[in-house]
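Pasted below: input-v8.tsv, TSV, C-alpha atoms.
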```
chain	number	residue	atom	x	y	z
A	1	MET	CA	-42.61	-8.15	10.68
A	2	LYS	CA	-39.13	-6.72	11.10
A	3	PRO	CA	-38.78	-3.34	9.38
A	4	TRP	CA	-36.35	-3.27	6.48
A	5	TYR	CA	-33.89	-0.40	6.14
A	6	PRO	CA	-31.99	-0.96	2.90
A	7	PHE	CA	-29.58	1.93	3.48
A	8	ARG	CA	-28.94	1.59	7.19
A	9	ARG	CA	-25.33	0.71	8.00
A	10	SER	CA	-23.56	0.39	11.35
A	11	CYS	CA	-20.17	2.03	12.00
A	12	LYS	CA	-18.55	-1.37	11.69
A	13	GLU	CA	-20.16	-1.98	8.30
A	14	VAL	CA	-19.27	1.52	7.14
A	15	THR	CA	-15.66	1.02	8.23
A	16	ALA	CA	-15.51	-2.15	6.15
A	17	LEU	CA	-17.02	-0.35	3.15
A	18	VAL	CA	-14.60	2.59	3.39
A	19	ILE	CA	-11.69	0.14	3.30
A	20	ALA	CA	-13.24	-2.02	0.57
A	21	ARG	CA	-13.75	1.03	-1.64
A	22	GLU	CA	-9.97	1.28	-2.02
A	23	ASP	CA	-9.91	-2.01	-3.92
A	24	ARG	CA	-13.33	-2.60	-5.46
A	25	ALA	CA	-16.42	-0.79	-6.67
A	26	LEU	CA	-19.26	-0.66	-4.16
A	27	SER	CA	-22.89	-1.39	-5.02
A	28	TRP	CA	-25.15	1.65	-5.30
A	29	GLN	CA	-26.98	0.51	-2.18
A	30	ASP	CA	-23.72	0.52	-0.24
A	31	ARG	CA	-22.73	3.90	-1.67
A	32	MET	CA	-26.10	5.29	-0.55
A	33	GLY	CA	-25.78	3.69	2.87
A	34	LEU	CA	-22.28	5.13	3.21
A	35	ARG	CA	-23.35	8.68	2.38
A	36	LEU	CA	-26.36	8.53	4.64
A	37	HIS	CA	-24.31	7.20	7.54
A	38	MET	CA	-21.51	9.77	7.06
A	39	ALA	CA	-24.03	12.59	7.24
A	40	LEU	CA	-25.30	11.41	10.62
A	41	CYS	CA	-22.25	9.92	12.32
A	42	SER	CA	-19.43	11.73	14.10
A	43	ALA	CA	-17.00	8.80	14.47
A	44	CYS	CA	-16.88	7.53	10.87
A	45	PRO	CA	-15.89	10.71	9.00
A	46	PRO	CA	-12.51	10.91	10.83
A	47	PHE	CA	-11.94	7.28	9.91
A	48	GLU	CA	-12.74	8.02	6.28
A	49	ARG	CA	-10.29	10.95	6.36
A	50	GLN	CA	-7.60	8.63	7.71
A	51	VAL	CA	-8.15	6.23	4.80
A	52	LEU	CA	-7.99	9.11	2.30
A	53	THR	CA	-4.79	10.32	3.95
A	54	LEU	CA	-3.37	6.84	3.59
A	55	ARG	CA	-4.33	6.83	-0.09
A	56	ASN	CA	-2.50	10.15	-0.58
A	57	ALA	CA	0.47	8.91	1.38
A	58	MET	CA	0.81	5.86	-0.87
A	59	ARG	CA	0.67	8.07	-3.93
A	60	GLN	CA	3.48	10.21	-2.58
A	61	TRP	CA	5.44	7.14	-1.58
A	62	ARG	CA	5.16	5.82	-5.16
A	63	ALA	CA	6.59	9.06	-6.53
A	64	TYR	CA	9.27	8.92	-3.86
A	65	SER	CA	10.18	5.36	-4.86
A	66	GLU	CA	10.95	6.58	-8.36
A	67	ASN	CA	12.81	9.78	-7.87
A	68	ASP	CA	14.03	10.14	-4.34
A	69	GLU	CA	17.17	12.13	-5.10
A	70	THR	CA	19.25	11.29	-2.07
A	71	SER	CA	19.62	7.52	-1.79
A	72	ARG	CA	19.98	6.25	1.73
B	1	MET	CA	26.28	11.42	-6.58
B	2	SER	CA	28.68	14.04	-7.82
B	3	THR	CA	30.99	11.44	-9.31
B	4	ALA	CA	28.23	9.93	-11.42
B	5	ASP	CA	28.68	12.40	-14.24
B	6	SER	CA	32.10	11.14	-15.15
B	7	SER	CA	31.61	7.50	-14.25
B	8	PRO	CA	30.67	4.94	-16.86
B	9	PHE	CA	27.10	3.76	-17.19
B	10	GLU	CA	27.91	0.52	-15.34
B	11	HIS	CA	29.09	2.40	-12.26
B	12	GLN	CA	25.93	4.46	-12.21
B	13	LEU	CA	23.89	1.25	-12.28
B	14	VAL	CA	25.87	-0.17	-9.38
B	15	GLU	CA	25.17	2.97	-7.38
B	16	HIS	CA	21.44	2.38	-7.70
B	17	ARG	CA	21.53	-1.30	-6.86
B	18	ALA	CA	20.94	-0.92	-3.09
B	19	TYR	CA	18.00	1.34	-3.77
B	20	LEU	CA	16.43	-1.15	-6.18
B	21	MET	CA	17.03	-4.00	-3.72
B	22	ARG	CA	15.16	-2.12	-1.02
B	23	PHE	CA	11.98	-1.92	-3.07
B	24	ALA	CA	12.33	-5.41	-4.53
B	25	ARG	CA	12.65	-6.88	-1.01
B	26	LEU	CA	9.70	-4.89	0.25
B	27	GLN	CA	7.47	-6.12	-2.58
B	28	LEU	CA	8.67	-9.72	-2.87
B	29	ARG	CA	9.53	-10.48	0.77
B	30	ASN	CA	12.08	-13.01	-0.45
B	31	ASP	CA	15.75	-12.09	-0.71
B	32	ALA	CA	16.61	-14.58	-3.45
B	33	TRP	CA	13.73	-13.44	-5.67
B	34	ALA	CA	14.58	-9.81	-5.00
B	35	GLU	CA	18.20	-10.35	-5.94
B	36	ASP	CA	17.20	-12.10	-9.18
B	37	ALA	CA	14.76	-9.35	-10.13
B	38	VAL	CA	17.34	-6.62	-9.49
B	39	SER	CA	20.06	-8.50	-11.38
B	40	GLU	CA	17.76	-8.90	-14.35
B	41	THR	CA	16.91	-5.21	-14.17
B	42	VAL	CA	20.58	-4.22	-14.25
B	43	LEU	CA	21.29	-6.67	-17.08
B	44	ALA	CA	18.36	-5.34	-19.08
B	45	ALA	CA	19.63	-1.79	-18.57
B	46	LEU	CA	23.16	-2.79	-19.61
B	47	ALA	CA	21.84	-4.46	-22.73
B	48	ARG	CA	20.09	-1.31	-23.91
B	49	PRO	CA	21.97	1.75	-22.61
B	50	GLN	CA	20.85	3.67	-25.68
B	51	ALA	CA	17.22	3.27	-24.56
B	52	PHE	CA	18.00	5.66	-21.78
B	53	GLY	CA	18.72	9.26	-22.63
B	54	ASN	CA	18.47	11.66	-19.73
B	55	ARG	CA	20.84	10.73	-16.92
B	56	SER	CA	18.83	12.53	-14.23
B	57	GLN	CA	15.98	10.12	-14.86
B	58	LEU	CA	18.09	6.99	-14.55
B	59	LYS	CA	16.43	5.96	-11.30
B	60	THR	CA	12.92	6.35	-12.67
B	61	TRP	CA	13.88	4.32	-15.72
B	62	LEU	CA	15.42	1.55	-13.58
B	63	VAL	CA	12.43	1.40	-11.22
B	64	GLY	CA	10.19	1.06	-14.29
B	65	ILE	CA	12.20	-1.94	-15.51
B	66	LEU	CA	12.30	-3.39	-12.01
B	67	LYS	CA	8.51	-3.25	-11.71
B	68	HIS	CA	8.14	-5.33	-14.88
B	69	LYS	CA	10.69	-7.88	-13.63
B	70	ILE	CA	8.87	-8.07	-10.31
B	71	VAL	CA	5.50	-8.74	-11.95
B	72	ASP	CA	7.20	-11.59	-13.87
B	73	THR	CA	8.62	-12.93	-10.60
B	74	LEU	CA	5.26	-12.78	-8.82
B	75	ARG	CA	3.57	-14.54	-11.71
B	76	HIS	CA	6.29	-17.20	-11.84
B	77	HIS	CA	6.02	-17.92	-8.09
B	78	SER	CA	2.27	-17.31	-7.87
B	79	ARG	CA	1.68	-20.39	-5.71
B	80	GLN	CA	4.22	-19.42	-3.04
B	81	VAL	CA	3.33	-15.74	-3.20
B	82	THR	CA	-0.10	-16.32	-1.70
B	83	VAL	CA	0.78	-18.98	0.86
B	84	GLY	CA	1.24	-17.63	4.36
B	85	THR	CA	4.13	-18.45	6.66
B	86	GLY	CA	1.90	-18.98	9.67
B	87	ASP	CA	2.13	-15.51	11.12
B	88	GLU	CA	-0.86	-14.30	9.14
B	89	ASP	CA	-3.91	-13.48	11.19
B	90	GLU	CA	-6.20	-15.82	9.26
B	91	ALA	CA	-8.68	-16.59	11.99
B	92	SER	CA	-9.41	-13.20	13.48
B	93	ASP	CA	-11.78	-10.63	12.10
B	94	PRO	CA	-9.55	-7.74	11.00
B	95	LEU	CA	-12.07	-5.25	12.31
B	96	GLU	CA	-11.28	-6.53	15.79
B	97	LEU	CA	-8.21	-4.34	15.44
B	98	MET	CA	-10.63	-1.52	15.94
B	99	ALA	CA	-12.87	-1.13	18.94
B	100	PHE	CA	-16.57	-1.59	18.24
B	101	ARG	CA	-19.36	-2.05	20.68
B	102	GLY	CA	-21.80	-4.93	20.33
B	103	ASP	CA	-24.22	-2.73	18.39
B	104	GLY	CA	-21.55	-1.91	15.79
B	105	HIS	CA	-20.70	1.59	17.02
B	106	PHE	CA	-17.19	2.81	17.73
B	107	THR	CA	-16.21	2.62	21.40
B	108	GLU	CA	-13.62	5.30	20.76
B	109	GLN	CA	-13.73	7.82	17.95
B	110	PRO	CA	-10.88	7.43	15.44
B	111	ALA	CA	-8.23	10.07	15.94
B	112	ASP	CA	-8.24	13.21	13.87
B	113	TRP	CA	-5.02	12.94	11.88
B	114	GLY	CA	-5.28	16.63	11.13
B	115	ASP	CA	-4.03	17.93	7.82
B	116	PRO	CA	-0.92	15.90	7.31
B	117	GLU	CA	-0.04	17.23	3.85
B	118	GLN	CA	3.02	18.84	5.32
B	119	ASP	CA	3.99	15.71	7.20
B	120	LEU	CA	3.58	13.55	4.13
B	121	ARG	CA	6.34	15.39	2.38
B	122	GLN	CA	8.80	14.50	5.04
B	123	ARG	CA	11.37	11.79	4.56
B	124	GLN	CA	10.72	10.49	8.08
B	125	PHE	CA	7.10	9.87	7.21
B	126	MET	CA	8.13	7.80	4.21
B	127	ALA	CA	10.47	5.84	6.47
B	128	VAL	CA	7.66	5.12	8.95
B	129	LEU	CA	5.31	4.18	6.13
B	130	GLU	CA	7.92	1.78	4.76
B	131	ALA	CA	8.61	0.32	8.21
B	132	CYS	CA	4.87	-0.25	8.74
B	133	THR	CA	4.63	-1.97	5.33
B	134	GLU	CA	7.61	-4.14	6.25
B	135	LYS	CA	5.79	-5.23	9.40
B	136	LEU	CA	2.83	-6.63	7.44
B	137	PRO	CA	2.72	-10.41	7.13
B	138	PRO	CA	4.33	-11.44	3.79
B	139	VAL	CA	1.18	-12.34	1.86
B	140	GLN	CA	-0.62	-9.16	2.90
B	141	ALA	CA	2.45	-7.07	2.09
B	142	ARG	CA	2.85	-8.57	-1.39
B	143	LEU	CA	-0.80	-8.10	-2.32
B	144	PHE	CA	-0.99	-4.63	-0.82
B	145	LEU	CA	2.11	-3.45	-2.70
B	146	MET	CA	0.86	-5.04	-5.92
B	147	ARG	CA	-2.08	-2.66	-5.58
B	148	GLU	CA	-0.23	0.36	-4.26
B	149	TRP	CA	3.27	0.18	-5.70
B	150	LEU	CA	2.84	-1.85	-8.90
B	151	GLU	CA	-0.57	-0.20	-9.37
B	152	LEU	CA	-2.30	-3.34	-10.58
B	153	SER	CA	-6.08	-3.52	-10.44
B	154	SER	CA	-7.73	-6.09	-8.18
B	155	GLU	CA	-8.77	-7.99	-11.32
B	156	GLU	CA	-5.21	-8.06	-12.64
B	157	ILE	CA	-3.86	-9.33	-9.32
B	158	CYS	CA	-6.43	-12.15	-9.20
B	159	LYS	CA	-5.56	-13.12	-12.76
B	160	GLU	CA	-1.77	-13.05	-12.25
B	161	LEU	CA	-1.89	-15.09	-9.04
B	162	GLY	CA	-4.93	-17.27	-9.60
B	163	LEU	CA	-6.63	-15.82	-6.51
B	164	THR	CA	-10.36	-15.48	-5.92
B	165	ALA	CA	-11.61	-11.92	-5.53
B	166	THR	CA	-12.94	-12.70	-2.04
B	167	ASN	CA	-9.57	-13.98	-0.89
B	168	LEU	CA	-7.81	-10.91	-2.30
B	169	TYR	CA	-10.24	-8.47	-0.67
B	170	VAL	CA	-9.89	-10.15	2.72
B	171	GLN	CA	-6.10	-9.87	2.58
B	172	LEU	CA	-6.11	-6.26	1.35
B	173	HIS	CA	-8.66	-5.36	4.00
B	174	ARG	CA	-6.40	-6.76	6.73
B	175	ALA	CA	-3.35	-5.05	5.27
B	176	ARG	CA	-5.01	-1.64	5.09
B	177	LEU	CA	-6.36	-1.85	8.65
B	178	ARG	CA	-2.98	-2.93	10.00
B	179	LEU	CA	-1.22	-0.15	8.17
B	180	ARG	CA	-3.72	2.40	9.46
B	181	GLU	CA	-3.18	1.10	12.99
B	182	CYS	CA	0.62	1.21	12.63
B	183	LEU	CA	0.64	4.77	11.30
B	184	ASP	CA	-1.80	5.89	13.98
B	185	LEU	CA	0.52	4.54	16.67
B	186	ASN	CA	3.91	5.38	15.20
B	187	TRP	CA	3.40	8.60	13.36
B	188	PHE	CA	0.27	10.54	14.07
B	189	GLN	CA	0.22	10.04	17.83
B	190	ASN	CA	3.92	10.92	18.08
B	191	THR	CA	3.60	14.04	16.01
B	192	ARG	CA	0.59	15.17	18.04
B	193	ARG	CA	2.28	14.53	21.36
B	194	PRO	CA	6.01	14.88	20.82
```

For this file, write the structure as C-alpha cells.
Amino acid sequence: MKPWYPFRRSCKEVTALVIAREDRALSWQDRMGLRLHMALCSACPPFERQVLTLRNAMRQWRAYSENDETSR
Amino acid sequence: MSTADSSPFEHQLVEHRAYLMRFARLQLRNDAWAEDAVSETVLAALARPQAFGNRSQLKTWLVGILKHKIVDTLRHHSRQVTVGTGDEDEASDPLELMAFRGDGHFTEQPADWGDPEQDLRQRQFMAVLEACTEKLPPVQARLFLMREWLELSSEEICKELGLTATNLYVQLHRARLRLRECLDLNWFQNTRRP
C-alpha cells in the first residue's frame, strides 16, 4: 500500500498555494503543508517573499493612484 | 499645479482628466469604456461641487468616484469583460512560466529580491509595475485590477461578472505569475546588476 502523507507538498504545489492564498482562503491541510514545506525548503521561501513584496507593491501603487502629487 | 488655486472648479477637473483616463484604461482595457467612465466621473463631480471640500484631496475624491463608475461599467459589460481576445494563454499551465523539475522541485531557486522597501517608494518602480500590468492579457488585467485596485473580494468579482470561482482563480493565478516574472526581469534584475 502506498504511504499517505497528508501534509507533503512539492515546490510546484507550494508555489501554487502561495499564489492562491492572495485570492482565496486555503484549507487547514494546505496551510499545514505550506508551513511544513517552508521550514524544510530553501527555494520556496524566496518565492514567498517575492509574492509578499508584490502584495506590498500593489498596496503602495493603490495609494499612489489616489494621491500622486505630480501628475505625469 | 500652481494655477489651480485661482482657477475655477471646472478647470481643476480638466487638469485631472488625463490622470483619471490612465487608470480607467488600465482597468477597463477599452478606450471607449474608459472615456465614458471618466466623463461620468467629471459630470458627477460637476453636479455636486459642494460635496467636495478640501481642494488638496480633489484627486482622491475623483478617483473614488471613478472607481464606482468603473464597477458599473464592468458590471454592464460583464460578458465582454471576461472574453479573451485570443492572446490569452488558455492552454498552457501558468506554472510552466517557472522552471520545475519532473519531481516538482525548482530547477533554479527564485531570486532574492532583497529588501525592496526603498525601491517601492520610487516613481520608476510604479512605472514598471504599471507597464507590467499593461502587458497582461486584457481579461487577466481586468480581473487582477478588480482585486488589487478596486479591492473587490473574489466573491464580489464572481458575482458582478457571473464567473465561476475556479475560472477566476485560474485567471488571477496566471496574472500574478506573469506579473512576478515581468518584475523579476524588468526591475529586480536591473537594480541588482545595473

If we count all atoms listed in the file, which residues of chain B reach to within 6 Å of chain A? Please list them as a ChimeraX atom specification. /B:60,104-105,109-110,112,149

Export of the given selection (C-alpha atoms) as an mmCIF file, in the frame of the given file:
```
data_model
loop_
_atom_site.group_PDB
_atom_site.id
_atom_site.type_symbol
_atom_site.label_atom_id
_atom_site.label_comp_id
_atom_site.auth_asym_id
_atom_site.auth_seq_id
_atom_site.Cartn_x
_atom_site.Cartn_y
_atom_site.Cartn_z
ATOM 1 C CA THR B 60 12.920 6.350 -12.670
ATOM 2 C CA GLY B 104 -21.550 -1.910 15.790
ATOM 3 C CA HIS B 105 -20.700 1.590 17.020
ATOM 4 C CA GLN B 109 -13.730 7.820 17.950
ATOM 5 C CA PRO B 110 -10.880 7.430 15.440
ATOM 6 C CA ASP B 112 -8.240 13.210 13.870
ATOM 7 C CA TRP B 149 3.270 0.180 -5.700
#
```

What does the structure give for the distance between atom CA of Arg75 of chain B and atom CA of Ala45 of chain B, in Å to one decimal?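 These two atoms are separated by 21.6 Å.
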
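Residues in contact range of Leu13 of chain B, defined as at most 10 Å between only C-alpha atoms, with sequence neighbours fewer than 5 positions away removed, read Ala4, Pro8, Ala18, Leu20, Thr41, Val42, Leu43, Ala45, Leu46, Leu58, Lys59 and Leu62 of chain B.
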
Glu151 of chain B: which residues within 12 Å, counting only C-alpha atoms, same-chain residues fewer than 2 positions away excluded, as a ChimeraX atom specification? /A:23,58-59,62 /B:64,67-68,71,143-149,153-157

Please produce a file of the residues just selected, as a CSV table (one decimal), keeping the file's coordinate frame, where the atoms kept are C-alpha atoms.
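For reference, part-v5.csv as written:
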```csv
chain,number,residue,atom,x,y,z
A,23,ASP,CA,-9.9,-2.0,-3.9
A,58,MET,CA,0.8,5.9,-0.9
A,59,ARG,CA,0.7,8.1,-3.9
A,62,ARG,CA,5.2,5.8,-5.2
B,64,GLY,CA,10.2,1.1,-14.3
B,67,LYS,CA,8.5,-3.2,-11.7
B,68,HIS,CA,8.1,-5.3,-14.9
B,71,VAL,CA,5.5,-8.7,-12.0
B,143,LEU,CA,-0.8,-8.1,-2.3
B,144,PHE,CA,-1.0,-4.6,-0.8
B,145,LEU,CA,2.1,-3.4,-2.7
B,146,MET,CA,0.9,-5.0,-5.9
B,147,ARG,CA,-2.1,-2.7,-5.6
B,148,GLU,CA,-0.2,0.4,-4.3
B,149,TRP,CA,3.3,0.2,-5.7
B,153,SER,CA,-6.1,-3.5,-10.4
B,154,SER,CA,-7.7,-6.1,-8.2
B,155,GLU,CA,-8.8,-8.0,-11.3
B,156,GLU,CA,-5.2,-8.1,-12.6
B,157,ILE,CA,-3.9,-9.3,-9.3
```

So what do you get for atom CA of Asp93 of chain B versus atom CA of Val128 of chain B, distance-wise? 25.2 Å

Complete segment 69-80 of chain B with all heavy atoms (output as an mmCIF file, in the coordinates of the input).
```
data_model
loop_
_atom_site.group_PDB
_atom_site.id
_atom_site.type_symbol
_atom_site.label_atom_id
_atom_site.label_comp_id
_atom_site.auth_asym_id
_atom_site.auth_seq_id
_atom_site.Cartn_x
_atom_site.Cartn_y
_atom_site.Cartn_z
ATOM 1 N N LYS B 69 10.020 -6.637 -14.051
ATOM 2 C CA LYS B 69 10.690 -7.880 -13.630
ATOM 3 C C LYS B 69 9.975 -8.469 -12.412
ATOM 4 O O LYS B 69 9.860 -9.688 -12.269
ATOM 5 C CB LYS B 69 12.168 -7.604 -13.290
ATOM 6 C CG LYS B 69 12.991 -7.084 -14.453
ATOM 7 C CD LYS B 69 13.125 -8.116 -15.555
ATOM 8 C CE LYS B 69 13.902 -7.548 -16.733
ATOM 9 N NZ LYS B 69 13.792 -8.424 -17.930
ATOM 10 N N ILE B 70 9.529 -7.598 -11.526
ATOM 11 C CA ILE B 70 8.870 -8.070 -10.310
ATOM 12 C C ILE B 70 7.510 -8.706 -10.623
ATOM 13 O O ILE B 70 7.152 -9.727 -10.037
ATOM 14 C CB ILE B 70 8.753 -6.911 -9.287
ATOM 15 C CG1 ILE B 70 10.118 -6.727 -8.603
ATOM 16 C CG2 ILE B 70 7.679 -7.189 -8.249
ATOM 17 C CD1 ILE B 70 10.174 -5.614 -7.591
ATOM 18 N N VAL B 71 6.781 -8.122 -11.564
ATOM 19 C CA VAL B 71 5.500 -8.740 -11.950
ATOM 20 C C VAL B 71 5.760 -10.140 -12.522
ATOM 21 O O VAL B 71 5.047 -11.091 -12.188
ATOM 22 C CB VAL B 71 4.731 -7.864 -12.970
ATOM 23 C CG1 VAL B 71 3.503 -8.604 -13.495
ATOM 24 C CG2 VAL B 71 4.301 -6.542 -12.332
ATOM 25 N N ASP B 72 6.822 -10.266 -13.341
ATOM 26 C CA ASP B 72 7.200 -11.590 -13.870
ATOM 27 C C ASP B 72 7.490 -12.561 -12.733
ATOM 28 O O ASP B 72 7.049 -13.718 -12.757
ATOM 29 C CB ASP B 72 8.455 -11.485 -14.758
ATOM 30 C CG ASP B 72 8.171 -10.777 -16.080
ATOM 31 O OD1 ASP B 72 6.972 -10.639 -16.435
ATOM 32 O OD2 ASP B 72 9.135 -10.368 -16.753
ATOM 33 N N THR B 73 8.248 -12.088 -11.742
ATOM 34 C CA THR B 73 8.620 -12.930 -10.600
ATOM 35 C C THR B 73 7.378 -13.385 -9.832
ATOM 36 O O THR B 73 7.248 -14.561 -9.486
ATOM 37 C CB THR B 73 9.558 -12.155 -9.642
ATOM 38 O OG1 THR B 73 10.660 -11.645 -10.388
ATOM 39 C CG2 THR B 73 10.056 -13.044 -8.521
ATOM 40 N N LEU B 74 6.474 -12.452 -9.571
ATOM 41 C CA LEU B 74 5.260 -12.780 -8.820
ATOM 42 C C LEU B 74 4.414 -13.792 -9.574
ATOM 43 O O LEU B 74 3.860 -14.720 -8.995
ATOM 44 C CB LEU B 74 4.450 -11.502 -8.561
ATOM 45 C CG LEU B 74 5.057 -10.531 -7.546
ATOM 46 C CD1 LEU B 74 4.397 -9.155 -7.651
ATOM 47 C CD2 LEU B 74 4.920 -11.070 -6.126
ATOM 48 N N ARG B 75 4.341 -13.615 -10.887
ATOM 49 C CA ARG B 75 3.570 -14.540 -11.710
ATOM 50 C C ARG B 75 4.207 -15.930 -11.666
ATOM 51 O O ARG B 75 3.537 -16.937 -11.468
ATOM 52 C CB ARG B 75 3.528 -14.022 -13.152
ATOM 53 C CG ARG B 75 2.578 -14.790 -14.063
ATOM 54 C CD ARG B 75 2.702 -14.284 -15.487
ATOM 55 N NE ARG B 75 2.341 -12.879 -15.642
ATOM 56 C CZ ARG B 75 3.108 -11.961 -16.238
ATOM 57 N NH1 ARG B 75 4.309 -12.296 -16.716
ATOM 58 N NH2 ARG B 75 2.693 -10.719 -16.351
ATOM 59 N N HIS B 76 5.545 -15.947 -11.818
ATOM 60 C CA HIS B 76 6.290 -17.200 -11.840
ATOM 61 C C HIS B 76 6.126 -17.988 -10.533
ATOM 62 O O HIS B 76 6.024 -19.202 -10.528
ATOM 63 C CB HIS B 76 7.767 -16.910 -12.110
ATOM 64 C CG HIS B 76 8.607 -18.130 -12.281
ATOM 65 N ND1 HIS B 76 8.585 -18.875 -13.441
ATOM 66 C CD2 HIS B 76 9.464 -18.749 -11.447
ATOM 67 C CE1 HIS B 76 9.408 -19.905 -13.306
ATOM 68 N NE2 HIS B 76 9.958 -19.849 -12.094
ATOM 69 N N HIS B 77 6.119 -17.261 -9.398
ATOM 70 C CA HIS B 77 6.020 -17.920 -8.090
ATOM 71 C C HIS B 77 4.616 -17.784 -7.495
ATOM 72 O O HIS B 77 4.467 -17.770 -6.269
ATOM 73 C CB HIS B 77 7.033 -17.303 -7.116
ATOM 74 C CG HIS B 77 8.463 -17.500 -7.508
ATOM 75 N ND1 HIS B 77 9.111 -18.710 -7.391
ATOM 76 C CD2 HIS B 77 9.375 -16.641 -8.028
ATOM 77 C CE1 HIS B 77 10.365 -18.576 -7.818
ATOM 78 N NE2 HIS B 77 10.553 -17.336 -8.212
ATOM 79 N N SER B 78 3.618 -17.669 -8.363
ATOM 80 C CA SER B 78 2.270 -17.310 -7.870
ATOM 81 C C SER B 78 1.778 -18.205 -6.733
ATOM 82 O O SER B 78 1.099 -17.738 -5.828
ATOM 83 C CB SER B 78 1.271 -17.305 -9.022
ATOM 84 O OG SER B 78 1.242 -18.564 -9.636
ATOM 85 N N ARG B 79 2.139 -19.487 -6.782
ATOM 86 C CA ARG B 79 1.680 -20.390 -5.710
ATOM 87 C C ARG B 79 2.247 -19.983 -4.352
ATOM 88 O O ARG B 79 1.518 -19.845 -3.378
ATOM 89 C CB ARG B 79 2.098 -21.841 -6.005
ATOM 90 C CG ARG B 79 1.451 -22.433 -7.248
ATOM 91 C CD ARG B 79 0.014 -22.843 -7.011
ATOM 92 N NE ARG B 79 -0.104 -23.973 -6.081
ATOM 93 C CZ ARG B 79 0.041 -25.237 -6.424
ATOM 94 N NH1 ARG B 79 0.305 -25.558 -7.680
ATOM 95 N NH2 ARG B 79 -0.088 -26.197 -5.544
ATOM 96 N N GLN B 80 3.572 -19.761 -4.314
ATOM 97 C CA GLN B 80 4.220 -19.420 -3.040
ATOM 98 C C GLN B 80 3.851 -18.008 -2.554
ATOM 99 O O GLN B 80 3.811 -17.759 -1.361
ATOM 100 C CB GLN B 80 5.744 -19.490 -3.157
ATOM 101 C CG GLN B 80 6.285 -20.902 -3.299
ATOM 102 C CD GLN B 80 7.041 -21.065 -4.594
ATOM 103 O OE1 GLN B 80 6.429 -21.050 -5.667
ATOM 104 N NE2 GLN B 80 8.340 -21.202 -4.521
#
```
